[in-house]
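One structure below.
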Amino acid sequence: MLKKLKIIFLTIVLLCGFPALSEENITTGTIDVYSSSPLPSIGLPKSMVPANIQTVKASDLGKQSGATIADYMVNNLQGVTVNEVGGNPFQLELNFRGYNATPISGNPQGLSVYIDGIRANQPFSNTVLWDLIPNFAINNMQVIAGSNPVYGLNTLGGSMSMQTKSGQNFKQKNIDVTAGSWARNSQVVEAGGVFDNSNVDYYIGYEHFTENGWRKFSPSHVNQLFGKLGVESEMSRYEFSYTGAQNILIGNGLTPKDLLGSKRDGIHTLEDETQNEYSQVALNMSHFFDEETMMAGNIYYKRSDRATFNGDLNDEFCDGDAYDDSECTAAQQALSRSDAENLNQGVINRTNTLQDAFGLNLQTTLDQDWRGRRNQLVAGFSAEYSQIKFKQSEQEHLHLALSGHIGGTPDDIEVSTGLTGKTKTYGAFVTNTHSYNDKLSINTAIRYNHVQVDNRDTFNGPGSSASLTGKHHFERFNPSVGVTYQPNKILTAYSSYSESSRAPTSIELGCANPAQPCNLPTQMADDPPLHQVVAKTIEGGVSGVVTKDTSWNFSIYSATNHDDILFVYANASNGLGYFTNVAETTRKGIDVGVKTKFDKLNLNINYGFVMAQYGTNFTLVSEVNSSNSSDVIQVSDGDYLPNIPKHHLKIRADYEIKPQWNLGATLTAFSSSYMMGNENQQHDSSGGLQGELPGYAVVNLDSQYNFHKGWDFHAKFINIFDQKYETGGRLAETRVQTDRTHGDDRNVASVIPGAPRAGWIGISKSF
């Protein structure tokens with residue numbers, strides 16, 4: 001397949017030398033510019049950058065407002081799919097070209113996310129908490145595909161860089177109120193501008209969001225605050241900002257399909273609650289020494305206090321029948337029947353993760369001609385020190401109620417894990433872009449990463465065989481090289497090779513022993529060391545302009561993760577597993593996009609194809625998979641990663657009914673994918689237990705109407721045809737029966753149902 005992709009790309013590049021249209025007849029308008037790093041720099045034309053770059057503006061977000069920025073990306077951007085594994089709109093697992101950015105600990109993370117040049121990935125597990133990103137404050141965003149080393153750790157498949165509003169670009173006051181389905185209600189208040197007779201500007205915004213959720217027992221309460229104070233002179237700008245959040249999210253996750261009910265809103269066990277409290281203060285600066293020399297940087301402090309409360313089935317439940325059927329744990333099987341007995345049906349797992357991080361980023365841009373041609377050199381340095389305190393406990397309860405709640409007589413609370421960790425991360429990079437001639441530009445970059453993880457076990461004493469105490473360090477130089485070729489004003493082609501890496505996190509290093517599997521967020525044990533993940537990507541693409549209103553792009557890529565870290569399930573009934581290195585996983589695919597305009601109709605079409613595959617042979621525990629042998633399945637080189645559709649299509653149409661009235665429609669369609677537990681794709685579904693998720697298509701509508709000066713009415717309706725679909729699934733076992741009583745283990749297909757038809761209306765006033 002890779003050879004075929006290379007041939008296609010080379011053919012397209014050769015065709016670029018023979019323009020089919022006369023460039024003199026086309027006016028391309030303004031030149032899009034791109035910053036070479038998450039921090040501000042002297043912009044480069046996108047035609048000089050060897051990457052597929054997608055941009056989003058605040059006005060785009062306003063037309064299709066969703067719970068998070070991830071919601072917009074899923075519905076509009078190339079290469080993006082979603083797995084709603086958390087069962088909550090703020091806990092989406094976003095997938096870009098087969099790489100994840102997710103709030104769920106344990107899922108492999110492969111995307112880096114920045115806000116105003118500050119890394120948003122959490123130190124403990126590299127997760128991205130979408131509920132901590134204030135949608136209302138985003139001014140623009142770039143999504144950069146590939147393993148660009150300049151964007152640092154975790155940029156295996158791509159990066160996202162967001163910039164927030166300021167008083168310079170938001171000079172108004174705005175109030176927005178929205179309400180509708182699922183008792184969703186949100187209020188946003190914003191104000192920005194420049195103080196009279198001064199060079200000081202300000203922006204402040206606050207959102208309160210609450211809803212009952214469309215699934216049973218799944219309310220959310222989100223409070224977000226963002227403020228920025230800026231001081232600007234002719235050559236400099238300084239910004240002091242604060243980000244705060246206090247959120248309660250309940251996402252009840254995977255549920256056996258026969259427990260969903262006719263309304264598909266059923267749950268498995270209750271309740272799965274996450275509380276996030278977050279504060280960040282940052283000082284950003286940029287200074288032009290002259291038109292060709294610029295310095296930018298920031299310093300920041302952020303604190304995250306995350307607590308989870310999860311009601312689960314008790315994996316140590318053991319009665320007489322279970323003992324005879326070998327359904328008890330191995331440790332219980334070694335005991336007598338009476339000693340092994342444990343009649344507690346449920347368990348409450350609690351965790352608390354406290355993270356403090358201090359960091360700085362600094363870079364210099366030199367945009368000076370070299371040998372009579374434009375040359376831009378950017379050199380930067382970053383450092384972050386984080387402290388982590390993690391604690392996990394469990395409390396067994398006697399009964400699982402028919403509602404799914406864990407109740408009855410409780411046992412004592414037992415602390416199962418205690419960990420403090422210190423992580424030191426340093427990075428330095430240099431990237432250079434040189435115009436070799438009027439048509440050809442060359443980009444090179446190299447970055448050095450150094451990560452030190454120092455864990456101390458506060459639960460198991462020093463010298464204990466189960467102690468988590470240990471020091472780990474990882475370092476690597478990651479290079480990239482790329483070229484862009486623009487034979488004329490209407491065609492641009494590029495090709496690149498890049499490498500990036502990510503180090504194992506504390507959560508992964510603490511759960512890597514097959515003999516002592518853990519559940520997630522995680523129970524930890526002493527573990528063998530893990531290797532860092534290294535991604536190597538080959539990419540090429542071509543873009544063109546047909547008319548001033550019509551443009552297109554095509555990109556093709558092949559990425560290989562070496563020593564990829566995956567969470568491997570060791571038992572289907574209790575969700576226990578461990579992190580391990582897998583020799584290779586690969587992602588190969590194409591992205592295609594077309595934008596055009598017909599009078600008052602704007603049309604945007606994006607198609608993506610990705611083959612996310614294992615690149616080596618290995619074994620997995622999967623008792624439910626019909627092809628298992630002694631509860632083990634054989635995964636082979638070329639088998640597909642679960643829950644990643646191969647094909648996706650996104651069509652966005654926006655029609656101007658009147659100058660003050662717009663109507664928009666979005667179609668998203670995704671092909672089928674394999675469920676977790678069916679990683680070998682050999683499960684036989686004829687027995688009634690599915691091993692694949694069917695493809696699906698969803699249509700959303702939105703409209704904005706300016707009915708009076710400063711007054712706007714807006715509406716959004718999702719899944720207007722009320723399609724029944726699932727975005728993720730796993731072959732599993734459960735003791736919850738179809739009538740919701742507690743009984744013997746049974747095999748099930750657990751799925752994440754998609755949201756049904758819903759709608760919201762709102763009104764906003766600008767001053």
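Chain labels A, B, ... are given in the sequence in which chains occur in the structure tokens; within each chain residues are numbered consecutively from 1, and ligands are likewise numbered from 1 in the order shown.
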**Study point:** Contacts of range 65-74 of chain A within 8 Å, only C-alpha atoms, excl. fewer than 6 positions in-chain, as a count of residues only
**Key:** 13
Contacts of Gln486 in chain A at 10 Å or less, counting only C-alpha atoms, minus same-chain residues fewer than 4 places along, as a PDB file with N, CA and C atoms, in the first residue's frame?
ATOM      1  N   CYS A  16       2.230  19.038 -11.167  1.00  0.00           N
ATOM      2  CA  CYS A  16       2.215  20.444 -10.731  1.00  0.00           C
ATOM      3  C   CYS A  16       3.058  21.328 -11.644  1.00  0.00           C
ATOM      4  N   GLY A  17       3.984  20.743 -12.330  1.00  0.00           N
ATOM      5  CA  GLY A  17       4.812  21.547 -13.223  1.00  0.00           C
ATOM      6  C   GLY A  17       4.090  21.943 -14.496  1.00  0.00           C
ATOM      7  N   SER A  47       2.551  28.745   1.864  1.00  0.00           N
ATOM      8  CA  SER A  47       3.128  28.103   0.678  1.00  0.00           C
ATOM      9  C   SER A  47       4.591  27.732   0.889  1.00  0.00           C
ATOM     10  N   MET A  48       5.241  28.242   1.935  1.00  0.00           N
ATOM     11  CA  MET A  48       6.634  27.897   2.225  1.00  0.00           C
ATOM     12  C   MET A  48       6.747  26.817   3.293  1.00  0.00           C
ATOM     13  N   ASP A 438      12.702  31.381  -6.456  1.00  0.00           N
ATOM     14  CA  ASP A 438      11.330  31.873  -6.415  1.00  0.00           C
ATOM     15  C   ASP A 438      10.297  30.761  -6.253  1.00  0.00           C
ATOM     16  N   LYS A 439      10.674  29.519  -6.543  1.00  0.00           N
ATOM     17  CA  LYS A 439       9.713  28.427  -6.529  1.00  0.00           C
ATOM     18  C   LYS A 439       9.963  27.407  -5.424  1.00  0.00           C
ATOM     19  N   LEU A 440      11.205  27.269  -5.002  1.00  0.00           N
ATOM     20  CA  LEU A 440      11.585  26.184  -4.096  1.00  0.00           C
ATOM     21  C   LEU A 440      12.020  26.727  -2.741  1.00  0.00           C
ATOM     22  N   SER A 441      11.437  26.179  -1.657  1.00  0.00           N
ATOM     23  CA  SER A 441      11.833  26.516  -0.292  1.00  0.00           C
ATOM     24  C   SER A 441      12.200  25.242   0.445  1.00  0.00           C
ATOM     25  N   ILE A 490      -0.843  29.354  -8.477  1.00  0.00           N
ATOM     26  CA  ILE A 490      -2.057  28.594  -8.192  1.00  0.00           C
ATOM     27  C   ILE A 490      -1.788  27.162  -7.749  1.00  0.00           C
ATOM     28  N   LEU A 491      -0.540  26.730  -7.727  1.00  0.00           N
ATOM     29  CA  LEU A 491      -0.220  25.367  -7.312  1.00  0.00           C
ATOM     30  C   LEU A 491       0.958  25.379  -6.352  1.00  0.00           C
ATOM     31  N   THR A 492       0.864  24.543  -5.311  1.00  0.00           N
ATOM     32  CA  THR A 492       1.954  24.368  -4.356  1.00  0.00           C
ATOM     33  C   THR A 492       2.041  22.897  -3.993  1.00  0.00           C
ATOM     34  N   ALA A 493       3.256  22.364  -3.984  1.00  0.00           N
ATOM     35  CA  ALA A 493       3.475  20.980  -3.586  1.00  0.00           C
ATOM     36  C   ALA A 493       4.520  20.945  -2.482  1.00  0.00           C
ATOM     37  N   TYR A 494       4.437  19.937  -1.633  1.00  0.00           N
ATOM     38  CA  TYR A 494       5.434  19.804  -0.568  1.00  0.00           C
ATOM     39  C   TYR A 494       5.693  18.333  -0.277  1.00  0.00           C
ATOM     40  N   VAL A 542      -0.213  18.474  -2.118  1.00  0.00           N
ATOM     41  CA  VAL A 542      -0.312  19.480  -3.160  1.00  0.00           C
ATOM     42  C   VAL A 542      -1.619  20.247  -2.936  1.00  0.00           C
ATOM     43  N   SER A 543      -1.595  21.531  -3.177  1.00  0.00           N
ATOM     44  CA  SER A 543      -2.791  22.358  -3.042  1.00  0.00           C
ATOM     45  C   SER A 543      -2.871  23.302  -4.223  1.00  0.00           C
ATOM     46  N   GLY A 544      -4.073  23.765  -4.508  1.00  0.00           N
ATOM     47  CA  GLY A 544      -4.237  24.619  -5.676  1.00  0.00           C
ATOM     48  C   GLY A 544      -5.403  25.562  -5.544  1.00  0.00           C
TER      49      GLY A 544
END
**Study point:** Shell around range 247-257 of chain A at 6 Å using only C-alpha atoms, local window under 5 positions removed, as a list of chain:residue names
**Key:** A:Val85, A:Gly86, A:Gly87, A:Asn88, A:Ser218, A:Pro219, A:Ser220, A:His221, A:Val222, A:Asn223, A:Ile267, A:His268, A:Asp272, A:Glu273, A:Thr274, A:Gln275, A:Asn276, A:Val748, A:Ala749, A:Ser750, A:Val751, A:Ile752
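With only C-alpha atoms taken into account, the protein and nucleic acid residues at most 8 Å from Asn478 in chain A (excluding it and anything under 2 positions from it in its own chain) are Pro149, Ile446, Arg447, Tyr448, Arg476, Ser480, Ser498, Glu499, Ser500 and Ser501 of chain A.
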Exercise for review: Could you find all residues in range 404-553 of chain A that DSSP calls alpha helix (DSSP H) from the backbone, and write them as JSON, numbers by chain?
Suggested key: {"A": [506, 507, 508, 509]}
Output the selection as a PDB file, in the first residue's frame - C-alpha atoms for each residue.
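The result, written out as part34.pdb:
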ATOM      1  CA  SER A 506       4.198   8.515  35.633  1.00  0.00           C
ATOM      2  CA  ILE A 507       0.877   6.774  35.103  1.00  0.00           C
ATOM      3  CA  GLU A 508       2.360   4.466  32.452  1.00  0.00           C
ATOM      4  CA  LEU A 509       5.568   3.726  34.345  1.00  0.00           C
TER       5      LEU A 509
END
Point to revise | One-decimal distance in Å that lies between CA of Tyr34 in chain A and CA of Asn361 in chain A | key: 18.8 Å
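Taking CA of Phe124 in chain A as the reference point, CA of Pro642 in chain A is found at 24.6 Å.
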Review point. Using only C-alpha atoms, which residues sit within 7 Å of range 664-670 of chain A once same-chain residues fewer than 5 positions away are excluded, as a PyMOL selection string?
Key: chain A and resi 75+645+647-655+695-703
Taking N, CA and C atoms for each residue, export the selection above as a tab-separated table (two decimals), in the first residue's frame.
chain	number	residue	atom	x	y	z
A	75	ASN	N	-16.59	17.80	13.51
A	75	ASN	CA	-17.59	18.06	12.47
A	75	ASN	C	-17.04	18.75	11.24
A	645	PRO	N	-12.29	4.55	12.45
A	645	PRO	CA	-12.85	4.32	11.11
A	645	PRO	C	-11.81	4.60	10.02
A	647	HIS	N	-12.61	5.48	6.83
A	647	HIS	CA	-13.08	6.56	5.96
A	647	HIS	C	-13.91	7.55	6.76
A	648	HIS	N	-13.77	8.83	6.43
A	648	HIS	CA	-14.71	9.82	6.94
A	648	HIS	C	-14.93	10.90	5.88
A	649	LEU	N	-16.15	11.40	5.85
A	649	LEU	CA	-16.53	12.44	4.90
A	649	LEU	C	-17.25	13.55	5.66
A	650	LYS	N	-16.89	14.81	5.39
A	650	LYS	CA	-17.51	15.95	6.05
A	650	LYS	C	-17.85	17.00	5.01
A	651	ILE	N	-19.11	17.37	4.99
A	651	ILE	CA	-19.58	18.38	4.04
A	651	ILE	C	-20.25	19.50	4.83
A	652	ARG	N	-19.76	20.71	4.62
A	652	ARG	CA	-20.32	21.88	5.29
A	652	ARG	C	-20.84	22.85	4.25
A	653	ALA	N	-22.13	23.19	4.37
A	653	ALA	CA	-22.76	24.16	3.46
A	653	ALA	C	-23.29	25.32	4.29
A	654	ASP	N	-23.02	26.53	3.82
A	654	ASP	CA	-23.47	27.73	4.52
A	654	ASP	C	-24.11	28.66	3.49
A	655	TYR	N	-25.40	28.94	3.68
A	655	TYR	CA	-26.13	29.73	2.69
A	655	TYR	C	-26.61	31.05	3.31
A	695	GLY	N	-20.85	1.68	10.28
A	695	GLY	CA	-20.68	3.06	9.88
A	695	GLY	C	-21.95	3.86	10.10
A	696	TYR	N	-21.84	5.16	10.07
A	696	TYR	CA	-23.01	6.00	10.32
A	696	TYR	C	-22.81	7.37	9.70
A	697	ALA	N	-23.91	8.09	9.55
A	697	ALA	CA	-23.88	9.46	9.03
A	697	ALA	C	-24.83	10.31	9.87
A	698	VAL	N	-24.43	11.54	10.15
A	698	VAL	CA	-25.21	12.45	10.98
A	698	VAL	C	-25.29	13.80	10.28
A	699	VAL	N	-26.47	14.42	10.32
A	699	VAL	CA	-26.67	15.74	9.74
A	699	VAL	C	-27.05	16.72	10.85
A	700	ASN	N	-26.34	17.85	10.91
A	700	ASN	CA	-26.63	18.92	11.85
A	700	ASN	C	-27.05	20.18	11.10
A	701	LEU	N	-27.87	21.00	11.70
A	701	LEU	CA	-28.29	22.28	11.13
A	701	LEU	C	-27.98	23.41	12.12
A	702	ASP	N	-27.68	24.59	11.59
A	702	ASP	CA	-27.49	25.75	12.44
A	702	ASP	C	-27.91	27.00	11.67
A	703	SER	N	-28.25	28.04	12.40
A	703	SER	CA	-28.68	29.28	11.78
A	703	SER	C	-28.36	30.45	12.69
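Between Tyr485 in chain A and the candidates A:Ser262, A:Ser236, A:Ser435, A:Thr550, the tightest atom-to-atom separation, counting only C-alpha atoms, involves A:Ser435.
Using only C-alpha atoms, the nearest neighbour of Gly729 in chain A within the list A:Ser279, A:Val632, A:Asn174, A:Glu84 is A:Glu84.
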Point to revise | DSSP strand (DSSP E) residues within range 646-735 of chain A, as a ChimeraX atom specification | key: /A:647-658,661-670,673-674,692-693,696-708,711-718,726-735
How would the residues just picked look written out with C-alpha atoms as a PDB file, in the first residue's frame?
ATOM      1  CA  HIS A 647     -13.077   6.558   5.962  1.00  0.00           C
ATOM      2  CA  HIS A 648     -14.708   9.817   6.937  1.00  0.00           C
ATOM      3  CA  LEU A 649     -16.532  12.444   4.895  1.00  0.00           C
ATOM      4  CA  LYS A 650     -17.508  15.947   6.053  1.00  0.00           C
ATOM      5  CA  ILE A 651     -19.581  18.384   4.038  1.00  0.00           C
ATOM      6  CA  ARG A 652     -20.322  21.878   5.295  1.00  0.00           C
ATOM      7  CA  ALA A 653     -22.756  24.162   3.460  1.00  0.00           C
ATOM      8  CA  ASP A 654     -23.468  27.731   4.525  1.00  0.00           C
ATOM      9  CA  TYR A 655     -26.133  29.730   2.695  1.00  0.00           C
ATOM     10  CA  GLU A 656     -26.795  33.472   3.030  1.00  0.00           C
ATOM     11  CA  ILE A 657     -30.584  33.792   2.899  1.00  0.00           C
ATOM     12  CA  LYS A 658     -30.270  37.503   3.573  1.00  0.00           C
ATOM     13  CA  TRP A 661     -29.512  35.675   8.009  1.00  0.00           C
ATOM     14  CA  ASN A 662     -27.417  32.540   7.442  1.00  0.00           C
ATOM     15  CA  LEU A 663     -28.400  28.872   7.356  1.00  0.00           C
ATOM     16  CA  GLY A 664     -25.795  26.122   7.704  1.00  0.00           C
ATOM     17  CA  ALA A 665     -25.805  22.342   7.370  1.00  0.00           C
ATOM     18  CA  THR A 666     -23.088  19.816   8.218  1.00  0.00           C
ATOM     19  CA  LEU A 667     -22.940  16.175   7.156  1.00  0.00           C
ATOM     20  CA  THR A 668     -20.450  13.865   8.865  1.00  0.00           C
ATOM     21  CA  ALA A 669     -20.135  10.244   7.786  1.00  0.00           C
ATOM     22  CA  PHE A 670     -17.828   7.561   9.178  1.00  0.00           C
ATOM     23  CA  SER A 673     -14.432   0.106  12.747  1.00  0.00           C
ATOM     24  CA  TYR A 674     -13.355  -2.847  14.871  1.00  0.00           C
ATOM     25  CA  GLU A 692     -17.510  -4.293  14.678  1.00  0.00           C
ATOM     26  CA  LEU A 693     -19.140  -0.897  14.928  1.00  0.00           C
ATOM     27  CA  TYR A 696     -23.009   5.997  10.321  1.00  0.00           C
ATOM     28  CA  ALA A 697     -23.880   9.462   9.032  1.00  0.00           C
ATOM     29  CA  VAL A 698     -25.208  12.453  10.983  1.00  0.00           C
ATOM     30  CA  VAL A 699     -26.672  15.742   9.738  1.00  0.00           C
ATOM     31  CA  ASN A 700     -26.627  18.923  11.853  1.00  0.00           C
ATOM     32  CA  LEU A 701     -28.285  22.280  11.134  1.00  0.00           C
ATOM     33  CA  ASP A 702     -27.488  25.750  12.439  1.00  0.00           C
ATOM     34  CA  SER A 703     -28.679  29.285  11.776  1.00  0.00           C
ATOM     35  CA  GLN A 704     -27.788  32.847  12.795  1.00  0.00           C
ATOM     36  CA  TYR A 705     -30.108  35.814  12.380  1.00  0.00           C
ATOM     37  CA  ASN A 706     -29.236  39.431  13.150  1.00  0.00           C
ATOM     38  CA  PHE A 707     -32.758  40.733  13.808  1.00  0.00           C
ATOM     39  CA  HIS A 708     -31.742  44.118  15.224  1.00  0.00           C
ATOM     40  CA  TRP A 711     -29.033  41.490  18.638  1.00  0.00           C
ATOM     41  CA  ASP A 712     -28.500  37.987  17.229  1.00  0.00           C
ATOM     42  CA  PHE A 713     -30.636  34.867  17.312  1.00  0.00           C
ATOM     43  CA  HIS A 714     -28.917  31.522  16.810  1.00  0.00           C
ATOM     44  CA  ALA A 715     -30.038  27.911  16.731  1.00  0.00           C
ATOM     45  CA  LYS A 716     -28.395  24.520  16.397  1.00  0.00           C
ATOM     46  CA  PHE A 717     -29.961  21.100  15.793  1.00  0.00           C
ATOM     47  CA  ILE A 718     -27.938  17.877  15.813  1.00  0.00           C
ATOM     48  CA  GLU A 726     -22.154   3.989  18.235  1.00  0.00           C
ATOM     49  CA  THR A 727     -18.778   5.730  18.289  1.00  0.00           C
ATOM     50  CA  GLY A 728     -16.813   3.143  20.302  1.00  0.00           C
ATOM     51  CA  GLY A 729     -17.062  -0.366  21.699  1.00  0.00           C
ATOM     52  CA  ARG A 730     -15.363  -3.275  23.439  1.00  0.00           C
ATOM     53  CA  LEU A 731     -15.931  -7.007  23.806  1.00  0.00           C
ATOM     54  CA  ALA A 732     -16.266  -7.563  27.552  1.00  0.00           C
ATOM     55  CA  GLU A 733     -17.796  -9.541  30.387  1.00  0.00           C
ATOM     56  CA  THR A 734     -20.271  -8.398  33.024  1.00  0.00           C
ATOM     57  CA  ARG A 735     -22.236  -9.773  35.937  1.00  0.00           C
TER      58      ARG A 735
END
Point to revise | Atom-to-atom span, CA of Glu327 in chain A and CA of Asp315 in chain A, Å | key: 9.4 Å
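The nearest approach to Asp176 in chain A among the residues A:Gln660, A:Phe195, A:Thr102, A:Tyr206, with only C-alpha atoms taken into account, belongs to A:Tyr206.
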Exercise for review: Tell me, as a PyMOL selection string, which residues lie within 12 Å of Thr586 in chain A, counting only C-alpha atoms; anything in the same chain fewer than 3 positions away does not count.
Suggested key: chain A and resi 2+97-99+156-157+534-538+557-564+582-583+589+610-616+637-641
Point to revise | Of the listed residues A:Leu260, A:Ile204, A:Ala503, A:Ile299, that which approaches Gly227 in chain A most closely, counting only C-alpha atoms | key: A:Ile204
**Study point:** Shell of 12 Å around Ala296 in chain A, only C-alpha atoms, local chain residues under 6 positions omitted, as a PyMOL selection string
**Key:** chain A and resi 35+37-42+116-117+235-239+283-289+360-366+378-382
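Taking only C-alpha atoms into account, Asn678 in chain A lies nearest to A:Ser627 out of the set A:Asn169, A:Asn314, A:Gln91, A:Ser627.
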